[in-house]
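Participant: Can you keep this structure in mind? I'll have questions shortly.
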Amino acid sequence: MRSLEGIHEEFGRKVGVNLFEKVFNTLASLIPEDWEICLASEGPDQKYYAGIVRGINNGTPIHCDWVPYDTLTEPWAIARVTNQAVFNLYISDVPGGDTQVHDYLWNPEALAYRDPASYGYFPELVTGRKRARFHPSAGDLCIFNSRNMHQVFPVDAGCKRRRMAMASFFGVLPPLKPGEKTKLIFWS
């Protein structure tokens, strides 16, 4: 069985560039020099995977991705993240499939609007809030605070192609003890 990291390398050989590595290195160039940048891990032999490639044609409900809440019942290292974002590198062009980010950060009061039939939230949570909607094209790199409520609209009916994107969360992990570096960690 291939390693998950090997999938990025194999894909890189086929298309001429390791896309995850390129985004990872670009973001690494932007962080303070005294920080460490790495894959999230639960120990030396338990690294998380980062850089999932997936197709979303049917859209998503309004939701957020905020690891301290999403891992509330788990003792995982990523639960200590203090700030989080996501990158989406779009691989295909399709009609429709827009992404919309709402000016509403997840907080405990949002739970009153949680849709029990899904992982999403009812639209009333973001009614009247500012929002940014964009139509991604192949090659676009979009980075936003994934704690903000966001959604993906369905691809236009009749489209035979998949809305494909590579995505990874990344966040700030503060040191646990003196002498440790602040880390920018990645996971999917």
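Numbering starts fresh at 1 for the residues of each chain in the structure tokens, the chains themselves are lettered A, B, ... in the order given, and ligands are numbered from 1 as they appear.
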What lies within 10 Å of Ala50 in chain A using only C-alpha atoms, ignoring chain neighbours under 2 positions off, as a ChimeraX atom specification?

Facilitator: /A:4-5,8,20,24,39-40,47-48,52-53,166-170,185-188

Participant: Keeping only C-alpha atoms, write those residues as a PDB file, in the first residue's frame.

Facilitator:
ATOM      1  CA  LEU A   4      -0.389   9.054   1.768  1.00  0.00           C
ATOM      2  CA  GLU A   5       2.653  11.326   1.408  1.00  0.00           C
ATOM      3  CA  HIS A   8       1.408  13.766  -3.442  1.00  0.00           C
ATOM      4  CA  PHE A  20       0.939  20.294  -1.673  1.00  0.00           C
ATOM      5  CA  PHE A  24       3.297  24.281   2.084  1.00  0.00           C
ATOM      6  CA  LEU A  39       2.501  18.156   9.712  1.00  0.00           C
ATOM      7  CA  ALA A  40       0.429  17.778  12.855  1.00  0.00           C
ATOM      8  CA  LYS A  47       1.749  12.108  11.697  1.00  0.00           C
ATOM      9  CA  TYR A  48      -1.502  13.422  10.343  1.00  0.00           C
ATOM     10  CA  ILE A  52      -6.756  15.857   0.812  1.00  0.00           C
ATOM     11  CA  VAL A  53      -8.055  15.933  -2.757  1.00  0.00           C
ATOM     12  CA  MET A 166      -6.854  19.996  -2.711  1.00  0.00           C
ATOM     13  CA  ALA A 167      -7.382  21.225   0.843  1.00  0.00           C
ATOM     14  CA  SER A 168      -5.602  21.341   4.156  1.00  0.00           C
ATOM     15  CA  PHE A 169      -6.198  23.003   7.464  1.00  0.00           C
ATOM     16  CA  PHE A 170      -3.310  24.755   9.134  1.00  0.00           C
ATOM     17  CA  ILE A 185       0.834  22.647  11.768  1.00  0.00           C
ATOM     18  CA  PHE A 186      -1.046  21.123   8.823  1.00  0.00           C
ATOM     19  CA  TRP A 187      -3.715  18.402   8.764  1.00  0.00           C
ATOM     20  CA  SER A 188      -6.710  17.288   6.670  1.00  0.00           C
TER      21      SER A 188
END

Participant: Taking the DSSP assignment computed from this structure's backbone, write out as a PDB file with N, CA, C and O atoms, in the first residue's frame all residues of range 116-188 of chain A that belong to helix (DSSP H, G or I).

Facilitator:
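Saved as selection_26.pdb:
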ATOM      1  N   PRO A 123     -29.590  28.701   7.980  1.00  0.00           N
ATOM      2  CA  PRO A 123     -29.210  29.971   7.352  1.00  0.00           C
ATOM      3  C   PRO A 123     -29.472  31.209   8.215  1.00  0.00           C
ATOM      4  O   PRO A 123     -28.795  32.224   8.062  1.00  0.00           O
ATOM      5  N   GLU A 124     -30.427  31.144   9.119  1.00  0.00           N
ATOM      6  CA  GLU A 124     -30.742  32.300   9.961  1.00  0.00           C
ATOM      7  C   GLU A 124     -29.532  32.758  10.782  1.00  0.00           C
ATOM      8  O   GLU A 124     -29.446  33.917  11.169  1.00  0.00           O
ATOM      9  N   LEU A 125     -28.596  31.860  11.029  1.00  0.00           N
ATOM     10  CA  LEU A 125     -27.393  32.212  11.785  1.00  0.00           C
ATOM     11  C   LEU A 125     -26.620  33.339  11.102  1.00  0.00           C
ATOM     12  O   LEU A 125     -26.052  34.196  11.775  1.00  0.00           O
ATOM     13  N   VAL A 126     -26.605  33.370   9.781  1.00  0.00           N
ATOM     14  CA  VAL A 126     -25.789  34.340   9.049  1.00  0.00           C
ATOM     15  C   VAL A 126     -26.618  35.393   8.310  1.00  0.00           C
ATOM     16  O   VAL A 126     -26.060  36.214   7.586  1.00  0.00           O
TER      17      VAL A 126
END

Participant: Might you pull out every residue within 10 Å of range 69-85 of chain A, with only C-alpha atoms counted and same-chain residues fewer than 6 positions away left off, and present them as a PyMOL selection string?

Facilitator: chain A and resi 40-43+48+106-108+143-148+168-176+183-187

Participant: Please provide as number ranges by chain all residues within 10 Å of Lys130 in chain A, with the sequence filter that same-chain residues fewer than 4 positions apart are discarded (counting only C-alpha atoms).

Facilitator: A: 101-104, 126

Participant: Hey, can you spit out that residue selection with C-alpha atoms as an mmCIF file, in the first residue's frame?

Facilitator:
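Output file selection.cif follows:
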data_model
loop_
_atom_site.group_PDB
_atom_site.id
_atom_site.type_symbol
_atom_site.label_atom_id
_atom_site.label_comp_id
_atom_site.auth_asym_id
_atom_site.auth_seq_id
_atom_site.Cartn_x
_atom_site.Cartn_y
_atom_site.Cartn_z
ATOM 1 C CA VAL A 101 -17.604 32.752 3.427
ATOM 2 C CA HIS A 102 -19.789 34.531 5.997
ATOM 3 C CA ASP A 103 -18.638 37.205 8.441
ATOM 4 C CA TYR A 104 -19.521 35.080 11.452
ATOM 5 C CA VAL A 126 -25.789 34.340 9.049
#

Participant: From the options A:Val23, A:Leu141, A:Met164, A:Val17, which residue's atoms come nearest to Leu89 in chain A, counting only C-alpha atoms?

Facilitator: A:Leu141

Participant: Could you check which of A:Gln151, A:Thr182, A:Ser29, A:Asn88 is closest to Pro136 in chain A, using only C-alpha atoms?

Facilitator: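 Of all the options, A:Asn88 lies closest to Pro136 in chain A.
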
Participant: Between A:Tyr90, A:Tyr121, A:Phe134, A:Phe153, which is the closest to Cys64 in chain A once you count only C-alpha atoms?

Facilitator: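 Among the listed residues, A:Tyr121 lies closest to Cys64 in chain A.
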
Participant: What's the 7 Å shell around Gly59 in chain A, counting only C-alpha atoms, without same-chain residues fewer than 3 positions away, as a PyMOL selection string?

Facilitator: chain A and resi 56+97+152-154

Participant: For the selection just defined, write its residues with N, CA and C atoms to a file, as a compact mmCIF listing (two decimals), in the first residue's frame.

Facilitator:
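That gives us part.txt:
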# COMPACT_ATOMS: atom_id res chain seq x y z
N ILE A 56 -16.48 18.00 -4.61
CA ILE A 56 -17.74 18.38 -3.96
C ILE A 56 -18.65 18.94 -5.04
N GLY A 97 -20.67 25.73 -8.24
CA GLY A 97 -19.69 25.29 -7.24
C GLY A 97 -19.03 26.43 -6.50
N VAL A 152 -20.46 25.69 0.32
CA VAL A 152 -20.18 25.47 -1.09
C VAL A 152 -21.52 25.25 -1.77
N PHE A 153 -21.74 25.96 -2.88
CA PHE A 153 -22.97 25.81 -3.63
C PHE A 153 -22.81 24.66 -4.63
N PRO A 154 -23.90 24.00 -4.98
CA PRO A 154 -23.80 22.87 -5.92
C PRO A 154 -23.29 23.30 -7.29

Participant: Could you name the residues that touch Ser118 in chain A at 12 Å or less, counting only C-alpha atoms, but leaving out those on the same chain fewer than 6 positions away, as a compact mmCIF listing (two decimals) with N, CA and C atoms, in the first residue's frame?

Facilitator:
# COMPACT_ATOMS: atom_id res chain seq x y z
N THR A 60 -22.32 22.03 0.12
CA THR A 60 -22.29 21.75 1.55
C THR A 60 -23.25 22.70 2.25
N PRO A 61 -23.71 22.34 3.44
CA PRO A 61 -24.50 23.29 4.21
C PRO A 61 -23.58 24.38 4.78
N ILE A 62 -24.16 25.42 5.32
CA ILE A 62 -23.40 26.42 6.05
C ILE A 62 -22.77 25.70 7.24
N HIS A 63 -21.46 25.84 7.38
CA HIS A 63 -20.75 25.15 8.46
C HIS A 63 -19.46 25.89 8.74
